[in-house]
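Just input.pdb here, PDB, C-alpha atoms and all ligand atoms:
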ATOM      1  CA  MET A   1     101.401 103.959  84.049
ATOM      2  CA  SER A   2     102.073 100.792  86.057
ATOM      3  CA  HIS A   3      99.451  99.270  88.358
ATOM      4  CA  THR A   4      99.569  96.539  90.937
ATOM      5  CA  VAL A   5      96.667  94.095  91.109
ATOM      6  CA  GLN A   6      95.380  95.853  94.201
ATOM      7  CA  GLN A   7      95.673  99.347  92.703
ATOM      8  CA  TRP A   8      93.833  98.383  89.529
ATOM      9  CA  LEU A   9      91.032  96.707  91.523
ATOM     10  CA  GLN A  10      90.626  99.781  93.692
ATOM     11  CA  THR A  11      90.401 102.207  90.755
ATOM     12  CA  ALA A  12      88.013  99.934  88.850
ATOM     13  CA  ARG A  13      85.835  99.510  91.946
ATOM     14  CA  GLN A  14      85.521 103.273  92.357
ATOM     15  CA  GLN A  15      84.447 103.712  88.733
ATOM     16  CA  LEU A  16      81.960 100.813  88.823
ATOM     17  CA  ALA A  17      80.489 102.005  92.141
ATOM     18  CA  GLN A  18      79.076 105.000  90.278
ATOM     19  CA  PHE A  19      76.356 102.763  88.855
ATOM     20  CA  VAL A  20      76.264  99.463  90.783
ATOM     21  CA  PRO A  21      76.142  98.891  94.585
ATOM     22  CA  PRO A  22      79.620  98.867  96.240
ATOM     23  CA  ASP A  23      79.725  95.091  96.924
ATOM     24  CA  GLU A  24      78.807  94.354  93.286
ATOM     25  CA  ALA A  25      81.395  96.885  92.081
ATOM     26  CA  SER A  26      84.084  95.100  94.038
ATOM     27  CA  MET A  27      83.005  91.680  92.755
ATOM     28  CA  GLU A  28      82.722  92.827  89.138
ATOM     29  CA  ALA A  29      86.209  94.408  89.181
ATOM     30  CA  GLN A  30      87.600  91.095  90.432
ATOM     31  CA  ILE A  31      85.662  89.057  87.856
ATOM     32  CA  LEU A  32      86.997  91.159  84.956
ATOM     33  CA  LEU A  33      90.598  90.894  86.156
ATOM     34  CA  MET A  34      90.321  87.150  86.893
ATOM     35  CA  HIS A  35      88.999  86.670  83.350
ATOM     36  CA  VAL A  36      91.896  88.522  81.711
ATOM     37  CA  LEU A  37      94.590  86.908  83.874
ATOM     38  CA  ASN A  38      92.848  83.496  83.860
ATOM     39  CA  VAL A  39      93.291  83.178  87.627
ATOM     40  CA  ASN A  40      90.983  82.633  90.609
ATOM     41  CA  ARG A  41      90.120  84.916  93.522
ATOM     42  CA  ALA A  42      92.723  83.315  95.813
ATOM     43  CA  TRP A  43      95.422  84.225  93.258
ATOM     44  CA  LEU A  44      94.308  87.880  93.234
ATOM     45  CA  ILE A  45      94.614  88.019  97.014
ATOM     46  CA  ALA A  46      97.989  86.249  97.105
ATOM     47  CA  HIS A  47      99.385  88.454  94.292
ATOM     48  CA  ALA A  48      97.857  91.796  95.374
ATOM     49  CA  THR A  49     101.190  93.641  95.102
ATOM     50  CA  ASP A  50     102.264  92.126  91.749
ATOM     51  CA  ASN A  51     102.566  94.578  88.850
ATOM     52  CA  LEU A  52     100.176  94.025  85.941
ATOM     53  CA  THR A  53     101.752  93.881  82.471
ATOM     54  CA  ASP A  54     100.864  96.625  79.971
ATOM     55  CA  MET A  55      99.075  94.034  77.861
ATOM     56  CA  SER A  56      96.894  92.877  80.778
ATOM     57  CA  ILE A  57      96.048  96.457  81.650
ATOM     58  CA  THR A  58      95.024  97.237  78.056
ATOM     59  CA  LYS A  59      92.807  94.130  77.922
ATOM     60  CA  VAL A  60      91.133  94.608  81.278
ATOM     61  CA  GLU A  61      90.615  98.339  80.696
ATOM     62  CA  SER A  62      88.749  97.605  77.475
ATOM     63  CA  LEU A  63      86.457  95.175  79.345
ATOM     64  CA  LEU A  64      85.955  97.742  82.114
ATOM     65  CA  GLN A  65      84.966 100.407  79.562
ATOM     66  CA  ARG A  66      82.338  98.040  78.100
ATOM     67  CA  ARG A  67      80.942  97.405  81.588
ATOM     68  CA  LEU A  68      80.906 101.143  82.327
ATOM     69  CA  GLN A  69      78.760 101.587  79.178
ATOM     70  CA  GLY A  70      76.241  99.199  80.804
ATOM     71  CA  GLU A  71      76.984  95.934  78.947
ATOM     72  CA  PRO A  72      76.205  92.968  81.266
ATOM     73  CA  VAL A  73      79.210  91.133  82.738
ATOM     74  CA  ALA A  74      77.856  87.830  81.342
ATOM     75  CA  HIS A  75      77.958  89.274  77.804
ATOM     76  CA  ILE A  76      81.477  90.649  78.261
ATOM     77  CA  LEU A  77      82.717  87.265  79.509
ATOM     78  CA  GLY A  78      80.411  85.294  77.176
ATOM     79  CA  SER A  79      79.447  82.948  79.999
ATOM     80  CA  ARG A  80      77.580  82.612  83.292
ATOM     81  CA  GLU A  81      77.668  79.960  85.971
ATOM     82  CA  PHE A  82      74.302  78.337  86.758
ATOM     83  CA  PHE A  83      73.734  75.441  89.176
ATOM     84  CA  GLY A  84      77.468  74.663  88.990
ATOM     85  CA  LEU A  85      77.513  74.602  85.168
ATOM     86  CA  ALA A  86      79.536  77.061  83.043
ATOM     87  CA  LEU A  87      77.108  78.155  80.329
ATOM     88  CA  LYS A  88      77.776  80.103  77.157
ATOM     89  CA  VAL A  89      75.621  83.258  77.036
ATOM     90  CA  THR A  90      75.010  85.503  74.007
ATOM     91  CA  PRO A  91      72.728  88.483  73.275
ATOM     92  CA  ASP A  92      70.241  85.872  71.882
ATOM     93  CA  THR A  93      69.735  84.354  75.335
ATOM     94  CA  LEU A  94      68.497  85.403  78.725
ATOM     95  CA  ILE A  95      71.325  85.559  81.269
ATOM     96  CA  PRO A  96      70.484  82.725  83.710
ATOM     97  CA  ARG A  97      69.470  84.092  87.126
ATOM     98  CA  PRO A  98      70.168  82.595  90.585
ATOM     99  CA  ASP A  99      66.377  82.713  91.285
ATOM    100  CA  THR A 100      65.873  80.062  88.610
ATOM    101  CA  GLU A 101      67.914  77.569  90.646
ATOM    102  CA  THR A 102      64.788  77.347  92.872
ATOM    103  CA  LEU A 103      62.924  75.836  89.895
ATOM    104  CA  VAL A 104      65.724  73.315  89.245
ATOM    105  CA  GLU A 105      65.708  72.262  92.906
ATOM    106  CA  ALA A 106      61.926  71.824  92.867
ATOM    107  CA  ALA A 107      62.200  69.692  89.714
ATOM    108  CA  LEU A 108      65.026  67.513  91.057
ATOM    109  CA  ALA A 109      63.001  66.919  94.244
ATOM    110  CA  LYS A 110      60.287  65.238  92.135
ATOM    111  CA  VAL A 111      62.594  63.230  89.874
ATOM    112  CA  ASN A 112      62.169  59.556  90.404
ATOM    113  CA  GLY A 113      63.764  57.078  88.007
ATOM    114  CA  ARG A 114      63.615  57.482  84.230
ATOM    115  CA  MET A 115      61.338  60.442  83.699
ATOM    116  CA  ARG A 116      60.559  62.369  80.515
ATOM    117  CA  VAL A 117      61.194  66.053  81.176
ATOM    118  CA  LEU A 118      60.278  69.077  79.030
ATOM    119  CA  ASP A 119      61.872  72.530  79.479
ATOM    120  CA  LEU A 120      59.826  75.200  77.683
ATOM    121  CA  GLY A 121      61.793  78.334  76.715
ATOM    122  CA  THR A 122      65.219  76.923  77.426
ATOM    123  CA  GLY A 123      67.403  79.933  76.486
ATOM    124  CA  THR A 124      71.002  78.901  77.241
ATOM    125  CA  GLY A 125      69.604  75.498  78.249
ATOM    126  CA  ALA A 126      70.144  76.393  81.913
ATOM    127  CA  ILE A 127      67.227  74.481  83.477
ATOM    128  CA  ALA A 128      67.271  71.540  81.048
ATOM    129  CA  LEU A 129      71.022  71.042  81.363
ATOM    130  CA  ALA A 130      71.050  71.302  85.160
ATOM    131  CA  ILE A 131      68.307  68.649  85.342
ATOM    132  CA  ALA A 132      70.053  66.465  82.742
ATOM    133  CA  ARG A 133      73.317  66.653  84.702
ATOM    134  CA  HIS A 134      71.788  65.818  88.090
ATOM    135  CA  ALA A 135      69.208  63.317  86.819
ATOM    136  CA  PRO A 136      71.194  61.390  84.188
ATOM    137  CA  HIS A 137      68.468  58.747  83.740
ATOM    138  CA  CYS A 138      65.949  61.363  82.620
ATOM    139  CA  GLU A 139      65.322  62.146  78.968
ATOM    140  CA  VAL A 140      65.123  65.933  78.631
ATOM    141  CA  ILE A 141      63.594  67.881  75.729
ATOM    142  CA  ALA A 142      64.621  71.559  75.619
ATOM    143  CA  VAL A 143      62.384  73.843  73.545
ATOM    144  CA  ASP A 144      62.811  77.407  72.388
ATOM    145  CA  ALA A 145      61.196  79.507  69.665
ATOM    146  CA  SER A 146      64.461  81.406  69.060
ATOM    147  CA  THR A 147      66.917  79.816  66.608
ATOM    148  CA  GLY A 148      69.780  81.800  68.158
ATOM    149  CA  ALA A 149      68.978  80.681  71.704
ATOM    150  CA  LEU A 150      68.498  77.068  70.668
ATOM    151  CA  ALA A 151      71.928  77.020  68.972
ATOM    152  CA  VAL A 152      73.489  78.206  72.242
ATOM    153  CA  ALA A 153      71.574  75.571  74.251
ATOM    154  CA  GLN A 154      72.787  72.885  71.835
ATOM    155  CA  GLU A 155      76.379  74.121  72.119
ATOM    156  CA  ASN A 156      76.161  74.126  75.923
ATOM    157  CA  ALA A 157      74.758  70.569  75.957
ATOM    158  CA  GLN A 158      77.659  69.383  73.778
ATOM    159  CA  ALA A 159      80.304  71.221  75.786
ATOM    160  CA  LEU A 160      78.964  69.598  78.968
ATOM    161  CA  HIS A 161      78.753  66.148  77.297
ATOM    162  CA  LEU A 162      75.080  65.818  78.190
ATOM    163  CA  ASN A 163      73.673  63.252  75.796
ATOM    164  CA  ASN A 164      70.274  62.964  77.469
ATOM    165  CA  VAL A 165      69.102  66.360  76.154
ATOM    166  CA  GLN A 166      67.435  67.031  72.821
ATOM    167  CA  CYS A 167      66.886  70.603  71.580
ATOM    168  CA  VAL A 168      63.714  71.303  69.587
ATOM    169  CA  GLN A 169      62.632  74.562  67.954
ATOM    170  CA  SER A 170      58.986  75.121  68.773
ATOM    171  CA  ASN A 171      56.427  77.773  69.640
ATOM    172  CA  TRP A 172      55.703  76.317  73.108
ATOM    173  CA  PHE A 173      54.153  72.857  72.474
ATOM    174  CA  ALA A 174      53.303  73.404  68.785
ATOM    175  CA  ALA A 175      56.133  71.423  67.120
ATOM    176  CA  LEU A 176      56.389  68.664  69.733
ATOM    177  CA  PRO A 177      55.529  65.104  68.836
ATOM    178  CA  ALA A 178      52.438  63.699  70.575
ATOM    179  CA  HIS A 179      54.392  62.505  73.616
ATOM    180  CA  ARG A 180      53.462  63.015  77.226
ATOM    181  CA  PHE A 181      55.895  64.106  79.935
ATOM    182  CA  ASP A 182      56.305  63.355  83.634
ATOM    183  CA  LEU A 183      57.651  66.819  84.341
ATOM    184  CA  ILE A 184      57.209  70.096  82.442
ATOM    185  CA  VAL A 185      59.324  73.027  83.669
ATOM    186  CA  SER A 186      59.410  76.558  82.358
ATOM    187  CA  ASN A 187      60.816  79.958  83.119
ATOM    188  CA  PRO A 188      58.774  81.773  80.469
ATOM    189  CA  PRO A 189      58.744  85.522  79.767
ATOM    190  CA  TYR A 190      56.647  87.093  82.559
ATOM    191  CA  ILE A 191      57.298  90.853  82.648
ATOM    192  CA  GLU A 192      54.530  93.328  81.770
ATOM    193  CA  THR A 193      55.248  94.868  78.343
ATOM    194  CA  ASP A 194      55.186  98.431  79.698
ATOM    195  CA  ASP A 195      57.307  97.701  82.801
ATOM    196  CA  PRO A 196      59.959 100.473  82.941
ATOM    197  CA  HIS A 197      62.547  97.940  84.235
ATOM    198  CA  LEU A 198      62.789  96.627  80.647
ATOM    199  CA  LEU A 199      64.628  99.870  79.806
ATOM    200  CA  GLN A 200      67.102  99.597  82.705
ATOM    201  CA  GLY A 201      70.267  97.671  83.639
ATOM    202  CA  ASP A 202      71.054  94.297  82.090
ATOM    203  CA  LEU A 203      67.471  93.876  80.773
ATOM    204  CA  ARG A 204      68.239  96.437  78.002
ATOM    205  CA  PHE A 205      70.733  93.970  76.530
ATOM    206  CA  GLU A 206      68.569  90.841  76.696
ATOM    207  CA  PRO A 207      66.049  89.760  74.015
ATOM    208  CA  ILE A 208      62.626  91.287  74.636
ATOM    209  CA  SER A 209      61.091  87.974  73.484
ATOM    210  CA  ALA A 210      62.705  86.326  76.536
ATOM    211  CA  LEU A 211      61.305  88.878  78.966
ATOM    212  CA  ALA A 212      57.968  90.484  78.123
ATOM    213  CA  SER A 213      54.596  88.727  77.986
ATOM    214  CA  GLY A 214      51.597  90.958  77.307
ATOM    215  CA  ALA A 215      49.997  93.728  79.343
ATOM    216  CA  ASP A 216      49.812  91.706  82.587
ATOM    217  CA  GLY A 217      52.959  89.605  82.029
ATOM    218  CA  LEU A 218      50.887  86.406  82.073
ATOM    219  CA  GLN A 219      50.202  85.825  78.379
ATOM    220  CA  ASP A 220      52.730  82.995  77.958
ATOM    221  CA  ILE A 221      52.023  81.444  81.374
ATOM    222  CA  ARG A 222      48.304  81.376  80.471
ATOM    223  CA  GLN A 223      49.030  79.571  77.194
ATOM    224  CA  ILE A 224      51.396  77.044  78.794
ATOM    225  CA  ILE A 225      48.884  76.217  81.565
ATOM    226  CA  ALA A 226      46.037  75.860  79.053
ATOM    227  CA  GLU A 227      47.983  73.422  76.847
ATOM    228  CA  ALA A 228      50.009  71.503  79.451
ATOM    229  CA  PRO A 229      47.298  68.909  80.321
ATOM    230  CA  ASP A 230      47.548  67.501  76.763
ATOM    231  CA  TYR A 231      51.278  66.837  77.340
ATOM    232  CA  LEU A 232      51.341  65.613  80.958
ATOM    233  CA  ASN A 233      51.168  62.015  82.094
ATOM    234  CA  ALA A 234      48.743  61.262  84.931
ATOM    235  CA  GLY A 235      50.472  62.388  88.117
ATOM    236  CA  GLY A 236      52.959  64.488  86.107
ATOM    237  CA  TRP A 237      54.115  67.887  87.354
ATOM    238  CA  LEU A 238      54.000  71.369  85.806
ATOM    239  CA  MET A 239      56.447  73.834  87.395
ATOM    240  CA  LEU A 240      56.518  77.510  86.461
ATOM    241  CA  GLU A 241      58.803  80.343  87.482
ATOM    242  CA  HIS A 242      56.942  83.667  87.696
ATOM    243  CA  GLY A 243      57.186  87.234  89.010
ATOM    244  CA  TYR A 244      57.219  87.807  92.777
ATOM    245  CA  ASN A 245      53.684  89.254  92.573
ATOM    246  CA  GLN A 246      52.157  86.669  90.202
ATOM    247  CA  ALA A 247      51.828  83.601  92.485
ATOM    248  CA  GLU A 248      48.137  84.114  93.246
ATOM    249  CA  ALA A 249      47.220  84.592  89.575
ATOM    250  CA  VAL A 250      49.270  81.539  88.540
ATOM    251  CA  GLN A 251      47.663  79.415  91.287
ATOM    252  CA  GLN A 252      44.194  80.465  90.087
ATOM    253  CA  LEU A 253      45.041  79.577  86.483
ATOM    254  CA  LEU A 254      46.346  76.137  87.523
ATOM    255  CA  ASN A 255      43.279  75.404  89.676
ATOM    256  CA  ALA A 256      40.927  76.560  86.911
ATOM    257  CA  GLN A 257      42.662  74.188  84.480
ATOM    258  CA  GLY A 258      42.011  71.250  86.825
ATOM    259  CA  LEU A 259      45.539  70.724  88.150
ATOM    260  CA  ARG A 260      45.874  69.768  91.817
ATOM    261  CA  THR A 261      48.430  69.861  94.650
ATOM    262  CA  VAL A 262      49.126  73.493  93.757
ATOM    263  CA  GLU A 263      51.994  74.936  95.800
ATOM    264  CA  THR A 264      54.183  78.048  95.594
ATOM    265  CA  ILE A 265      57.865  77.926  96.541
ATOM    266  CA  LYS A 266      59.931  80.926  97.638
ATOM    267  CA  ASP A 267      63.308  81.827  96.130
ATOM    268  CA  LEU A 268      66.485  82.485  98.150
ATOM    269  CA  GLY A 269      65.414  86.097  98.626
ATOM    270  CA  GLY A 270      62.136  84.928 100.215
ATOM    271  CA  GLN A 271      59.958  85.907  97.211
ATOM    272  CA  PRO A 272      57.204  83.585  95.908
ATOM    273  CA  ARG A 273      58.959  82.510  92.695
ATOM    274  CA  VAL A 274      57.906  79.044  91.511
ATOM    275  CA  THR A 275      54.452  77.467  91.475
ATOM    276  CA  ILE A 276      54.077  73.720  90.962
ATOM    277  CA  ALA A 277      51.004  71.604  90.300
ATOM    278  CA  GLN A 278      50.158  68.032  89.389
ATOM    279  CA  TRP A 279      47.942  66.687  86.616
ATOM    280  CA  PRO A 280      45.373  64.280  88.085
TER     281      PRO A 280
HETATM  282  C1  LIG A 301      62.841  84.086  80.640
HETATM  283  S1  LIG A 301      63.682  83.269  79.293
HETATM  284  C2  LIG A 301      64.228  81.792  80.142
HETATM  285  C3  LIG A 301      65.499  81.191  79.587
HETATM  286  C4  LIG A 301      66.047  80.018  80.423
HETATM  287  N1  LIG A 301      65.077  78.978  80.607
HETATM  288  C5  LIG A 301      66.512  80.491  81.768
HETATM  289  O1  LIG A 301      65.817  80.269  82.777
HETATM  290  O2  LIG A 301      67.594  81.115  81.851
HETATM  291  C6  LIG A 301      62.326  82.722  78.319
HETATM  292  C7  LIG A 301      62.683  81.921  77.076
HETATM  293  O3  LIG A 301      61.460  81.583  76.412
HETATM  294  C8  LIG A 301      61.653  81.660  75.024
HETATM  295  N2  LIG A 301      60.344  81.871  74.398
HETATM  296  C9  LIG A 301      59.612  83.004  74.352
HETATM  297  N3  LIG A 301      58.466  82.791  73.689
HETATM  298  C10 LIG A 301      58.464  81.482  73.313
HETATM  299  C11 LIG A 301      57.535  80.666  72.615
HETATM  300  N4  LIG A 301      56.388  81.142  72.157
HETATM  301  N5  LIG A 301      57.865  79.365  72.420
HETATM  302  C12 LIG A 301      59.038  78.859  72.881
HETATM  303  N6  LIG A 301      59.961  79.593  73.557
HETATM  304  C13 LIG A 301      59.671  80.895  73.764
HETATM  305  C14 LIG A 301      62.613  82.828  74.836
HETATM  306  O4  LIG A 301      63.269  82.764  73.576
HETATM  307  C15 LIG A 301      63.527  82.650  76.037
HETATM  308  O5  LIG A 301      64.651  81.874  75.710
END
Rewrite the structure from the file as structure tokens, please.
Amino acid sequence: MSHTVQQWLQTARQQLAQFVPPDEASMEAQILLMHVLNVNRAWLIAHATDNLTDMSITKVESLLQRRLQGEPVAHILGSREFFGLALKVTPDTLIPRPDTETLVEAALAKVNGRMRVLDLGTGTGAIALAIARHAPHCEVIAVDASTGALAVAQENAQALHLNNVQCVQSNWFAALPAHRFDLIVSNPPYIETDDPHLLQGDLRFEPISALASGADGLQDIRQIIAEAPDYLNAGGWLMLEHGYNQAEAVQQLLNAQGLRTVETIKDLGGQPRVTIAQWP
């Protein structure tokens, strides 16, 4: 059966709307078709009445079926855009979230000259690579415990020609040389292990080691805050992304550890998302 661009988008949107909100359904249908045709959104609009070839329909239908089975769009495409960078994404990595751009902006606001920056739990490399791109004089170390994630981060750094990033496999600070940093950033796992959201939506397809962190979700944040003072230069900053309801607990942990200038920053949705603090 032949389909125009517009007809296919409409049918796909109806099917997707059975399990995602209507505006997302519309966007996802477009993203899948743009990927198969290798065109942009303006092309889809200008060519709405063009007929799709049988081969394009077969390809895009197979992607649509995967999405209808719940597979995240970023896994189907194998990439996700973050802070203007096209990043490879695999089932070994967290899919970078728009909320995390708040952490990158907070970090870039403190960058001043040639700083040494550490990104703990780098995943695709999202935070480290965004900082490396926008602060080319900084030396960035990107750490992850997962071999699979670190390989993706390395590949992304190479694809983006970012030579000021070094990827290191480490359990948080454990394998790092005895260097101090001017800026330590992290979006660590921070979901409670029994949170039912872990069994829903895209989270089902992401590594549990990237998401869950003990009964209260703060196990990794606690460890990072406890060890950070040994790796921060005087006046250096620690910046942590956390759950919308964890700001108070994170602030208390930072104060108890002797950090100062503690401040929480809201994400684009108005949720307290990133807490920053300075080592005396
Ligand atoms: C929430 S994901 C963040 C990924 C990426 N920074 C981002 O914002 O998209 C947390 C990352 O921490 C890593 N991780 C978990 N436990 C770790 C540990 N003990 N040491 C180092 N990295 C760890 C996971 O493999 C995962 O890549």
Name the residues captured by the PyMOL selection byres (((not hetatm)) within 9 of (chain A and resi 301)) when it is applied to the shown file; answer as a ChimeraX atom specification. /A:82,92-97,99-101,103,119-128,142-150,169-174,185-191,207-213,220,241
Within 12 Å of (49.4, 75.2, 79.2) in the file's own coordinates, which protein, DNA or RNA residues have an atom, counting all atoms listed in the file? List them as a ChimeraX atom specification. /A:120,172-174,184-186,188,218-232,237-240,250,253-254,256-259,277,279
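For the residues A:Gln252, A:Thr53, A:Asn164, A:Thr102, ranking by smallest atom-to-atom distance to Cys138 in chain A using only C-alpha atoms places A:Asn164 first.
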Please evaluate the PyMOL selection byres (((chain A and resi 37-44) around 10) and not hetatm) against the displayed coordinates and give the resulting residues as JSON, numbers by chain. {"A": [5, 6, 9, 27, 30, 31, 32, 33, 34, 35, 36, 45, 46, 47, 48, 49, 50, 52, 56, 57, 59, 60]}
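Around the point (78.7, 65.3, 80.0), within 10 Å and counting only C-alpha atoms, we find these residues: Leu129, Ala132, Arg133, Pro136, Ala157, Gln158, Ala159, Leu160, His161, Leu162, Asn163 and Asn164 of chain A.
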Hey, can you check how far CA of Gln65 in chain A sits from CA of Asn51 in chain A? 20.7 Å
A:Thr58, A:Gln18, A:Gln7, A:Asn255 ranked by distance to Gly70 in chain A, top pick (using all atoms listed in the file): A:Gln18
